[in-house]
Structures are given as C-alpha cells and as structure tokens.
file data.csv (CSV, C-alpha atoms)
chain,number,residue,atom,x,y,z
A,1,MET,CA,-10.8,-15.3,27.8
A,2,ALA,CA,-12.3,-17.5,25.1
A,3,SER,CA,-9.9,-19.4,22.9
A,4,ALA,CA,-9.5,-18.5,19.2
A,5,GLY,CA,-11.3,-21.8,18.4
A,6,LYS,CA,-14.2,-20.8,20.5
A,7,ARG,CA,-14.4,-17.3,19.0
A,8,ALA,CA,-14.4,-18.9,15.5
A,9,GLU,CA,-17.4,-21.2,16.1
A,10,GLY,CA,-20.3,-20.5,13.8
A,11,LEU,CA,-18.2,-18.4,11.4
A,12,VAL,CA,-17.7,-19.2,7.7
A,13,PHE,CA,-14.2,-18.7,6.3
A,14,LEU,CA,-13.8,-18.7,2.5
A,15,THR,CA,-10.5,-19.8,1.2
A,16,PRO,CA,-9.0,-17.8,-1.6
A,17,GLN,CA,-8.3,-20.9,-3.8
A,18,ASN,CA,-10.8,-22.7,-5.9
A,19,MET,CA,-11.0,-26.2,-4.3
A,20,ILE,CA,-12.3,-28.0,-7.4
A,21,VAL,CA,-9.5,-26.6,-9.6
A,22,GLU,CA,-7.0,-27.5,-6.8
A,23,GLU,CA,-8.3,-31.1,-6.7
A,24,ALA,CA,-8.3,-31.5,-10.5
A,25,VAL,CA,-4.7,-30.3,-10.9
A,26,GLY,CA,-3.5,-31.9,-7.7
A,27,THR,CA,-4.6,-35.4,-8.6
A,28,ARG,CA,-2.5,-35.1,-11.8
A,29,LEU,CA,0.5,-33.9,-9.9
A,30,PHE,CA,0.6,-36.0,-6.7
A,31,ASP,CA,-1.5,-39.2,-7.2
A,32,ASP,CA,0.5,-42.4,-7.3
A,33,PRO,CA,0.5,-43.2,-10.1
A,34,PRO,CA,-0.4,-39.7,-11.3
A,35,LYS,CA,-3.6,-39.4,-13.2
A,36,ARG,CA,-3.2,-39.1,-16.9
A,37,GLU,CA,-6.5,-39.0,-18.6
A,38,PRO,CA,-8.5,-36.4,-20.6
A,39,CYS,CA,-10.3,-33.7,-18.6
A,40,ASP,CA,-12.7,-30.9,-19.4
A,41,ILE,CA,-14.2,-29.4,-16.3
A,42,THR,CA,-16.0,-26.1,-16.0
A,43,VAL,CA,-16.7,-24.7,-12.6
A,44,GLY,CA,-18.2,-21.4,-11.4
A,45,ASP,CA,-16.9,-19.1,-8.7
A,46,PHE,CA,-18.0,-15.9,-6.9
A,47,ASP,CA,-18.9,-12.8,-8.9
A,48,ASP,CA,-19.5,-14.4,-12.2
A,49,CYS,CA,-16.0,-15.9,-12.3
A,50,LYS,CA,-15.6,-19.2,-14.2
A,51,PHE,CA,-12.8,-21.8,-14.6
A,52,LYS,CA,-12.1,-24.4,-17.2
A,53,VAL,CA,-9.6,-27.2,-16.5
A,54,GLN,CA,-8.6,-29.0,-19.7
A,55,VAL,CA,-6.4,-31.9,-20.6
A,56,LEU,CA,-6.6,-32.9,-24.2
A,57,PRO,CA,-6.6,-36.6,-25.3
A,58,ASP,CA,-3.5,-36.2,-27.5
A,59,THR,CA,-1.4,-34.3,-24.8
A,60,LEU,CA,-2.2,-36.0,-21.5
A,61,SER,CA,0.8,-34.5,-19.7
A,62,THR,CA,-0.2,-30.9,-20.4
A,63,ILE,CA,-2.9,-29.2,-18.3
A,64,THR,CA,-4.5,-25.8,-19.1
A,65,VAL,CA,-6.6,-23.7,-16.7
A,66,HIS,CA,-8.7,-20.9,-18.2
A,67,VAL,CA,-10.4,-18.3,-16.1
A,68,SER,CA,-13.1,-15.7,-16.8
A,69,LEU,CA,-13.3,-12.9,-14.3
A,70,GLY,CA,-16.7,-11.6,-15.0
A,71,PRO,CA,-17.4,-7.9,-15.9
A,72,ILE,CA,-14.0,-6.7,-14.8
A,73,GLY,CA,-12.0,-9.4,-16.7
A,74,ALA,CA,-11.4,-7.3,-19.8
A,75,ARG,CA,-10.2,-4.3,-17.8
A,76,LEU,CA,-7.8,-6.5,-15.8
A,77,ASN,CA,-6.3,-7.6,-19.1
A,78,ASP,CA,-6.1,-4.1,-20.6
A,79,GLU,CA,-5.6,-1.5,-17.8
A,80,LEU,CA,-5.7,-3.0,-14.3
A,81,TYR,CA,-2.3,-4.8,-14.3
A,82,GLY,CA,-3.5,-8.3,-14.8
A,83,GLN,CA,-0.8,-8.9,-17.4
A,84,GLU,CA,1.9,-7.9,-14.9
A,85,ILE,CA,0.7,-10.7,-12.6
A,86,MET,CA,0.8,-13.1,-15.6
A,87,ASN,CA,4.4,-11.9,-16.3
A,88,THR,CA,5.6,-12.3,-12.7
A,89,VAL,CA,3.6,-14.8,-10.7
A,90,TYR,CA,2.9,-17.0,-13.8
A,91,ALA,CA,6.0,-16.4,-15.8
A,92,GLY,CA,6.5,-19.2,-18.3
A,93,MET,CA,3.0,-20.5,-17.7
A,94,ALA,CA,0.8,-18.0,-19.6
A,95,ALA,CA,-1.3,-19.5,-22.4
A,96,GLU,CA,-3.8,-18.2,-24.9
A,97,PRO,CA,-7.3,-18.3,-23.3
A,98,GLU,CA,-10.2,-19.8,-25.1
A,99,GLN,CA,-13.0,-17.5,-26.3
A,100,GLY,CA,-15.1,-16.4,-23.4
A,101,TYR,CA,-12.1,-16.5,-21.0
A,102,ASP,CA,-9.7,-13.7,-19.9
A,103,PHE,CA,-6.5,-15.5,-18.9
A,104,ALA,CA,-5.1,-19.0,-19.1
A,105,VAL,CA,-2.1,-20.9,-17.6
A,106,SER,CA,-0.7,-24.1,-18.9
A,107,PHE,CA,2.2,-26.4,-17.9
A,108,ASP,CA,3.7,-29.9,-18.3
A,109,LEU,CA,2.6,-32.1,-15.5
A,110,ASP,CA,5.7,-34.3,-15.8
A,111,ASN,CA,8.0,-31.3,-15.6
A,112,PRO,CA,6.3,-28.5,-13.6
A,113,PRO,CA,7.9,-25.1,-13.6
A,114,ASN,CA,11.0,-24.8,-11.4
A,115,GLY,CA,10.5,-28.5,-10.5
A,116,ASN,CA,8.2,-27.4,-7.7
A,117,PRO,CA,4.8,-29.0,-8.0
A,118,GLU,CA,3.6,-27.7,-4.6
A,119,GLU,CA,4.3,-24.1,-5.6
A,120,VAL,CA,2.7,-24.6,-9.0
A,121,LEU,CA,-0.5,-26.1,-7.5
A,122,ALA,CA,-0.8,-23.2,-5.1
A,123,LYS,CA,-0.4,-20.7,-7.9
A,124,VAL,CA,-2.9,-22.3,-10.2
A,125,ALA,CA,-5.5,-22.8,-7.4
A,126,ASN,CA,-5.1,-19.1,-6.5
A,127,LEU,CA,-5.4,-17.8,-10.1
A,128,ARG,CA,-8.5,-15.8,-9.3
A,129,ARG,CA,-7.1,-14.3,-6.1
A,130,HIS,CA,-3.8,-13.2,-7.8
A,131,LEU,CA,-5.5,-11.6,-10.8
A,132,LEU,CA,-8.3,-9.8,-8.9
A,133,GLY,CA,-5.6,-8.6,-6.5
A,134,ALA,CA,-3.5,-7.1,-9.4
A,135,PRO,CA,-4.6,-3.5,-8.8
A,136,PHE,CA,-3.9,-3.8,-5.1
A,137,THR,CA,-0.5,-5.4,-5.8
A,138,LYS,CA,0.4,-2.6,-8.2
A,139,ALA,CA,-0.7,0.2,-5.7
A,140,PHE,CA,1.2,-1.5,-2.8
A,141,ASN,CA,4.3,-1.9,-4.8
A,142,GLY,CA,4.1,1.9,-5.5
A,143,LEU,CA,3.7,2.6,-1.8
A,144,LYS,CA,6.6,0.3,-1.0
A,145,ASP,CA,8.9,1.9,-3.6
A,146,GLY,CA,7.7,5.5,-2.9
A,147,THR,CA,6.4,5.9,-6.5
A,148,GLY,CA,2.7,5.5,-5.8
A,149,SER,CA,1.9,9.1,-6.7
A,150,SER,CA,2.8,8.3,-10.3
A,151,LEU,CA,-0.1,5.8,-10.5
A,152,PRO,CA,-3.7,6.7,-11.5
A,153,LEU,CA,-6.7,6.3,-9.3
A,154,MET,CA,-8.2,2.9,-10.1
A,155,THR,CA,-11.9,2.2,-10.1
A,156,LEU,CA,-13.1,-1.4,-9.9
A,157,ASP,CA,-16.8,-1.8,-10.6
A,158,TRP,CA,-17.9,-5.0,-9.0
A,159,ARG,CA,-21.7,-5.0,-9.0
A,160,PRO,CA,-24.6,-2.5,-9.5
A,161,GLY,CA,-24.2,0.3,-6.9
A,162,GLU,CA,-20.9,-1.2,-5.7
A,163,ALA,CA,-17.3,-0.3,-6.4
A,164,ILE,CA,-13.8,-0.2,-5.1
A,165,TRP,CA,-11.5,2.8,-5.6
A,166,ILE,CA,-7.7,2.5,-5.0
A,167,LYS,CA,-5.8,5.8,-4.7
A,168,PRO,CA,-2.1,5.2,-4.6
A,169,ALA,CA,0.4,7.7,-3.1
A,170,ASP,CA,4.0,7.7,-2.0
A,171,GLN,CA,3.3,7.5,1.7
A,172,ARG,CA,-0.1,5.9,1.9
A,173,CYS,CA,-2.6,4.0,-0.2
A,174,THR,CA,-6.3,4.7,0.3
A,175,ILE,CA,-9.0,2.1,-0.6
A,176,VAL,CA,-12.6,3.1,-0.6
A,177,TYR,CA,-15.5,0.6,-0.9
A,178,ALA,CA,-19.1,1.4,-1.8
A,179,VAL,CA,-21.2,-1.3,-0.3
A,180,ASN,CA,-24.8,-2.0,-1.4
A,181,PHE,CA,-27.7,-4.4,-1.0
A,182,PRO,CA,-30.9,-4.4,-3.0
A,183,GLU,CA,-33.4,-4.9,-0.1
A,184,GLU,CA,-34.1,-2.0,2.4
A,185,THR,CA,-33.9,-4.3,5.4
A,186,ASP,CA,-30.5,-5.6,4.3
A,187,LYS,CA,-29.4,-2.0,3.7
A,188,ALA,CA,-30.3,-1.0,7.3
A,189,ILE,CA,-28.5,-3.9,8.8
A,190,CYS,CA,-25.4,-3.3,6.5
A,191,ARG,CA,-25.2,0.4,7.6
A,192,VAL,CA,-25.1,-0.7,11.3
A,193,MET,CA,-22.5,-3.3,10.6
A,194,LEU,CA,-20.3,-1.0,8.6
A,195,GLN,CA,-20.4,1.7,11.3
A,196,GLN,CA,-19.6,-0.9,13.9
A,197,PHE,CA,-16.8,-2.4,11.8
A,198,ALA,CA,-15.1,1.0,11.5
A,199,LYS,CA,-15.5,1.6,15.3
A,200,GLU,CA,-14.1,-1.8,16.3
A,201,SER,CA,-11.2,-1.7,13.9
A,202,ALA,CA,-9.8,1.3,15.8
A,203,LYS,CA,-9.2,-1.1,18.8
A,204,ILE,CA,-6.9,-3.4,16.8
A,205,ASN,CA,-3.3,-2.4,17.2
A,206,GLY,CA,-1.5,-2.0,13.9
A,207,ALA,CA,-4.5,-2.4,11.7
A,208,PRO,CA,-5.0,0.0,8.8
A,209,PRO,CA,-7.2,3.0,9.9
A,210,CYS,CA,-10.8,2.5,8.8
A,211,SER,CA,-13.7,5.0,8.6
A,212,TYR,CA,-17.3,5.0,7.5
A,213,ASN,CA,-19.1,7.6,5.4
A,214,GLU,CA,-22.8,7.9,4.8
A,215,PRO,CA,-24.0,7.5,1.2
A,216,ASP,CA,-24.6,11.3,0.7
A,217,LYS,CA,-21.1,12.1,2.0
A,218,PRO,CA,-18.5,10.2,0.1
A,219,PRO,CA,-14.9,10.3,1.3
A,220,MET,CA,-12.9,13.2,-0.1
A,221,GLU,CA,-10.7,10.8,-2.2
A,222,VAL,CA,-13.7,10.1,-4.5
A,223,ARG,CA,-15.9,13.1,-3.8
A,224,ASP,CA,-15.1,14.7,-7.2
A,225,LEU,CA,-16.0,11.6,-9.2
A,226,PRO,CA,-19.4,10.8,-10.7
A,227,MET,CA,-21.2,9.3,-7.7
A,228,ASP,CA,-24.9,9.3,-8.7
A,229,GLN,CA,-25.1,5.5,-8.9
A,230,TYR,CA,-23.9,5.2,-5.4
A,231,THR,CA,-26.2,7.7,-3.6
A,232,HIS,CA,-28.5,4.9,-2.5
A,233,CYS,CA,-25.8,2.5,-1.4
A,234,CYS,CA,-25.3,1.4,2.3
A,235,GLY,CA,-22.3,3.7,2.7
A,236,PHE,CA,-18.6,3.9,2.1
A,237,LEU,CA,-15.9,2.1,4.0
A,238,THR,CA,-12.3,3.5,3.7
A,239,PHE,CA,-9.0,1.9,4.7
A,240,VAL,CA,-5.6,3.6,4.7
A,241,VAL,CA,-2.6,1.4,4.2
A,242,PHE,CA,0.8,2.7,5.3
A,243,PRO,CA,4.3,1.3,4.5
A,244,ALA,CA,4.4,-0.5,7.9
A,245,HIS,CA,1.4,-2.6,6.8
A,246,ILE,CA,3.3,-4.1,3.9
A,247,SER,CA,6.8,-4.0,5.3
A,248,SER,CA,7.4,-7.8,4.8
A,249,GLU,CA,6.4,-10.2,2.1
A,250,ALA,CA,3.9,-11.9,4.5
A,251,LYS,CA,2.3,-8.6,5.5
A,252,PHE,CA,2.2,-7.5,1.8
A,253,ASP,CA,0.5,-10.7,0.7
A,254,LYS,CA,-1.9,-10.6,3.7
A,255,SER,CA,-2.9,-7.0,2.9
A,256,VAL,CA,-3.6,-7.8,-0.7
A,257,ALA,CA,-5.6,-10.9,0.2
A,258,LEU,CA,-7.7,-9.3,2.9
A,259,LEU,CA,-8.5,-6.0,1.2
A,260,ARG,CA,-9.2,-7.7,-2.1
A,261,SER,CA,-11.6,-10.1,-0.3
A,262,GLU,CA,-13.6,-7.1,1.1
A,263,GLU,CA,-15.3,-7.2,-2.3

call {"tool": "encode", "arguments": {"input": "data.csv", "output": "structure tokens"}}
result
Amino acid sequence: MASAGKRAEGLVFLTPQNMIVEEAVGTRLFDDPPKREPCDITVGDFDDCKFKVQVLPDTLSTITVHVSLGPIGARLNDELYGQEIMNTVYAGMAAEPEQGYDFAVSFDLDNPPNGNPEEVLAKVANLRRHLLGAPFTKAFNGLKDGTGSSLPLMTLDWRPGEAIWIKPADQRCTIVYAVNFPEETDKAICRVMLQQFAKESAKINGAPPCSYNEPDKPPMEVRDLPMDQYTHCCGFLTFVVFPAHISSEAKFDKSVALLRSEE
C-alpha cells in the first residue's frame, strides 16, 4: 500500500490561516528583539476577503487586524453569529473595524491576552476561518446540546449560482452545497467529480453520510425554497453530521474546518 506521503504527491493543501497576516503579527511577537515599527499592510484572500494589518506610529505596541469577508460579511455581523465568535474566541480583543471592513481585533504586543502569544497568533491568523465558520459552529453547538431544532435554516450565498444551506436539528445537522462553474466543460467535469465524491465517501468509516442530487432535483431539505437561480448549477452535495462526528473538541473543530472549506 502506498504511504500517505506518496498518496499526497501532486495535491495542493490550502491552510486555513492567512500566512501574510501570520508573519506580520508573528514577527512582532517572537522576533528577538521584537519588531516595533509602524505597519499598514493590506492583503487579499479567497472569495473577496481582505485583511488590513495596522500598527500606528504613536502606538507601536498595539496591533490591529481588520477583515472584510466579502458579500457575506454584513450578514455574519448581523444574523449569522459572527458576533458570537467575536465574544467567545476573540473575547477582549474585539475592536471597531475601519470603514469597508466587517470585523477587527486588536491587542497589546507586549502583553498579549492570557499571556499566551502562541495562542493569540493562531487566533488572529485564523480570523477568516473562525468567522466564516460561525454558522457551522452555531449549528453544531445546537446538535451537541440537543437544541438544534430551535435554530433557523441558514442560507450562505457565496457566489452566483452557489450557496450553502445549514439545517440544524436536535439529532442531526444537514449541510447542502449548490456547486457551480460558468463553463459547460467545467460543469460536466464537476458533475462527475461530485457523483464520485459521494460514492467514495460511503467507503470511509465514520465519515458523515454524503449524497449527490441533480440540479433539477434538489434535496428535500431545500426543495421548498426558491431554487430558480440554482437550476443550472452542477448539482447539490449533501452531508449529514451526527453527534458522534462532533463528540470531542478535536472532532468538532475538524468538522467545522472541513465543511466550511467545502465552499
């Protein structure tokens, strides 16, 4: 049997953290001596996301990271539980974002929160991942606590013709993806890959059940919603998460990270 390293050859793995943000903050936490100079860096990320790392000349020990999360940013702030992430994961670090940004964190480089610079760096570098994962975190907490049925169906519109629907419940959480490509050749390839993905996932012990639906036959969880804009997509991929899939902190975090990254 081929080793894991051999199987991974030729694949591209995208890390959830922003490496430029990580470096800009990390050099000010861990360099010897630590860097203390003004900074104003703007960097783009996937799906119209944007970061701004800022250290002002008159407060060299304070660093602020602003993030814009594209079209979904305002909804994360208002209705998709982004503020809950700011109040928990980033407690004591939340700051007022500049105009054009959705969220911001700020802290004293000489006295990082909880005296743990490694933890702070990991949180700041993963700001996008935590905030975009907020709806998943909320739904999985409902599943874990048995209160999921009190939560609404969440719709996350990512791109034209694409969306994610999260349907919480007490005993399961269903996530439906509408996947699309603009070119017909890409659509045909994508349909085959989605069907094969659903087929192969059934062979993985302990993985969330996965199924594929054709564009004209949406899954029953979203069938009663307005679906006209998705009739020409490549199809729907559905995952069902059960309590066993989030039974530990590590499993919970992995489920959020992997299902959020399906976007």

call {"tool": "residues_around", "arguments": {"input": "data.csv", "residues": "stretch 64-67 of chain A", "least_positions_apart": "3", "cutoff": "8 Å", "atoms": "all atoms listed in the file", "output": "PyMOL selection string"}}
result
chain A and resi 49-55+95+97-98+101-107+124+127-128

call {"tool": "atom_distance", "arguments": {"input": "data.csv", "atom1": "atom CA of A:Arg172", "atom2": "atom CA of A:Ile72"}}
result
25.1 Å

call {"tool": "closest_residue", "arguments": {"input": "data.csv", "among": "A:Ile63, A:Ala134, A:Leu109, A:Val25", "to": "A:Asp253", "atoms": "all atoms listed in the file"}}
result
A:Ala134

call {"tool": "residues_around", "arguments": {"input": "data.csv", "residues": "stretch 163-165 of chain A", "least_positions_apart": "3", "cutoff": "8 Å", "atoms": "only C-alpha atoms", "output": "VMD selection string"}}
result
chain A and resid 153 to 159 175 to 179 222 263

call {"tool": "atom_distance", "arguments": {"input": "data.csv", "atom1": "atom CA of A:Asp78", "atom2": "atom CA of A:Leu132"}}
result
13.2 Å

call {"tool": "closest_residue", "arguments": {"input": "data.csv", "among": "A:Pro160, A:Gly92, A:Pro208, A:Gly235", "to": "A:Gln195", "atoms": "only C-alpha atoms"}}
result
A:Gly235

call {"tool": "atom_distance", "arguments": {"input": "data.csv", "atom1": "atom CA of A:Lys138", "atom2": "atom CA of A:Pro113"}}
result
24.3 Å

call {"tool": "closest_residue", "arguments": {"input": "data.csv", "among": "A:Val89, A:Leu80, A:Cys190, A:Val240", "to": "A:Glu119", "atoms": "only C-alpha atoms"}}
result
A:Val89

call {"tool": "closest_residue", "arguments": {"input": "data.csv", "among": "A:Leu225, A:Cys39, A:Leu194, A:Met19", "to": "A:Leu121", "atoms": "only C-alpha atoms"}}
result
A:Met19

call {"tool": "build_atoms", "arguments": {"input": "data.csv", "residues": "stretch 22-43 of chain A", "atoms": "N, CA, C and O atoms", "output": "mmCIF file, in the frame of the given file"}}
result
data_model
loop_
_atom_site.group_PDB
_atom_site.id
_atom_site.type_symbol
_atom_site.label_atom_id
_atom_site.label_comp_id
_atom_site.auth_asym_id
_atom_site.auth_seq_id
_atom_site.Cartn_x
_atom_site.Cartn_y
_atom_site.Cartn_z
ATOM 1 N N GLU A 22 -8.137 -26.951 -7.595
ATOM 2 C CA GLU A 22 -7.000 -27.500 -6.800
ATOM 3 C C GLU A 22 -7.017 -29.021 -6.868
ATOM 4 O O GLU A 22 -5.968 -29.652 -7.055
ATOM 5 N N GLU A 23 -8.184 -29.619 -6.719
ATOM 6 C CA GLU A 23 -8.300 -31.100 -6.700
ATOM 7 C C GLU A 23 -7.975 -31.637 -8.135
ATOM 8 O O GLU A 23 -7.245 -32.625 -8.299
ATOM 9 N N ALA A 24 -8.540 -30.991 -9.172
ATOM 10 C CA ALA A 24 -8.300 -31.500 -10.500
ATOM 11 C C ALA A 24 -6.879 -31.442 -10.943
ATOM 12 O O ALA A 24 -6.384 -32.357 -11.620
ATOM 13 N N VAL A 25 -6.172 -30.392 -10.543
ATOM 14 C CA VAL A 25 -4.700 -30.300 -10.900
ATOM 15 C C VAL A 25 -3.919 -31.160 -9.934
ATOM 16 O O VAL A 25 -2.982 -31.848 -10.360
ATOM 17 N N GLY A 26 -4.272 -31.150 -8.650
ATOM 18 C CA GLY A 26 -3.500 -31.900 -7.700
ATOM 19 C C GLY A 26 -3.437 -33.376 -7.892
ATOM 20 O O GLY A 26 -2.389 -34.014 -7.702
ATOM 21 N N THR A 27 -4.558 -33.972 -8.320
ATOM 22 C CA THR A 27 -4.600 -35.400 -8.600
ATOM 23 C C THR A 27 -3.630 -35.784 -9.720
ATOM 24 O O THR A 27 -3.109 -36.902 -9.780
ATOM 25 N N ARG A 28 -3.395 -34.855 -10.613
ATOM 26 C CA ARG A 28 -2.500 -35.100 -11.800
ATOM 27 C C ARG A 28 -1.055 -34.826 -11.430
ATOM 28 O O ARG A 28 -0.159 -35.172 -12.202
ATOM 29 N N LEU A 29 -0.817 -34.183 -10.291
ATOM 30 C CA LEU A 29 0.500 -33.900 -9.900
ATOM 31 C C LEU A 29 1.030 -34.896 -8.797
ATOM 32 O O LEU A 29 2.207 -35.270 -8.784
ATOM 33 N N PHE A 30 0.116 -35.326 -7.920
ATOM 34 C CA PHE A 30 0.600 -36.000 -6.700
ATOM 35 C C PHE A 30 0.005 -37.441 -6.541
ATOM 36 O O PHE A 30 0.482 -38.165 -5.677
ATOM 37 N N ASP A 31 -1.007 -37.842 -7.304
ATOM 38 C CA ASP A 31 -1.500 -39.200 -7.200
ATOM 39 C C ASP A 31 -0.407 -40.202 -7.552
ATOM 40 O O ASP A 31 0.466 -39.909 -8.372
ATOM 41 N N ASP A 32 -0.460 -41.382 -6.973
ATOM 42 C CA ASP A 32 0.500 -42.400 -7.300
ATOM 43 C C ASP A 32 -0.208 -43.696 -7.729
ATOM 44 O O ASP A 32 -0.825 -44.389 -6.912
ATOM 45 N N PRO A 33 -0.185 -43.982 -9.029
ATOM 46 C CA PRO A 33 0.500 -43.200 -10.100
ATOM 47 C C PRO A 33 -0.306 -41.951 -10.416
ATOM 48 O O PRO A 33 -1.526 -41.910 -10.209
ATOM 49 N N PRO A 34 0.337 -40.920 -10.942
ATOM 50 C CA PRO A 34 -0.400 -39.700 -11.300
ATOM 51 C C PRO A 34 -1.422 -39.915 -12.360
ATOM 52 O O PRO A 34 -1.205 -40.689 -13.290
ATOM 53 N N LYS A 35 -2.548 -39.270 -12.214
ATOM 54 C CA LYS A 35 -3.600 -39.400 -13.200
ATOM 55 C C LYS A 35 -3.232 -38.831 -14.520
ATOM 56 O O LYS A 35 -2.773 -37.702 -14.596
ATOM 57 N N ARG A 36 -3.411 -39.599 -15.563
ATOM 58 C CA ARG A 36 -3.200 -39.100 -16.900
ATOM 59 C C ARG A 36 -4.334 -39.540 -17.798
ATOM 60 O O ARG A 36 -4.343 -40.614 -18.402
ATOM 61 N N GLU A 37 -5.340 -38.699 -17.829
ATOM 62 C CA GLU A 37 -6.500 -39.000 -18.600
ATOM 63 C C GLU A 37 -7.121 -37.634 -19.072
ATOM 64 O O GLU A 37 -6.874 -36.594 -18.454
ATOM 65 N N PRO A 38 -7.910 -37.629 -20.142
ATOM 66 C CA PRO A 38 -8.500 -36.400 -20.600
ATOM 67 C C PRO A 38 -9.403 -35.745 -19.548
ATOM 68 O O PRO A 38 -9.974 -36.431 -18.693
ATOM 69 N N CYS A 39 -9.497 -34.432 -19.623
ATOM 70 C CA CYS A 39 -10.300 -33.700 -18.600
ATOM 71 C C CYS A 39 -10.854 -32.449 -19.275
ATOM 72 O O CYS A 39 -10.184 -31.764 -20.055
ATOM 73 N N ASP A 40 -12.103 -32.159 -18.968
ATOM 74 C CA ASP A 40 -12.700 -30.900 -19.400
ATOM 75 C C ASP A 40 -13.788 -30.531 -18.400
ATOM 76 O O ASP A 40 -14.944 -30.917 -18.481
ATOM 77 N N ILE A 41 -13.343 -29.779 -17.395
ATOM 78 C CA ILE A 41 -14.200 -29.400 -16.300
ATOM 79 C C ILE A 41 -14.423 -27.914 -16.274
ATOM 80 O O ILE A 41 -13.481 -27.127 -16.366
ATOM 81 N N THR A 42 -15.675 -27.506 -16.176
ATOM 82 C CA THR A 42 -16.000 -26.100 -16.000
ATOM 83 C C THR A 42 -16.679 -25.883 -14.693
ATOM 84 O O THR A 42 -17.600 -26.625 -14.320
ATOM 85 N N VAL A 43 -16.203 -24.891 -13.949
ATOM 86 C CA VAL A 43 -16.700 -24.700 -12.600
ATOM 87 C C VAL A 43 -16.879 -23.159 -12.363
ATOM 88 O O VAL A 43 -16.043 -22.351 -12.779
#
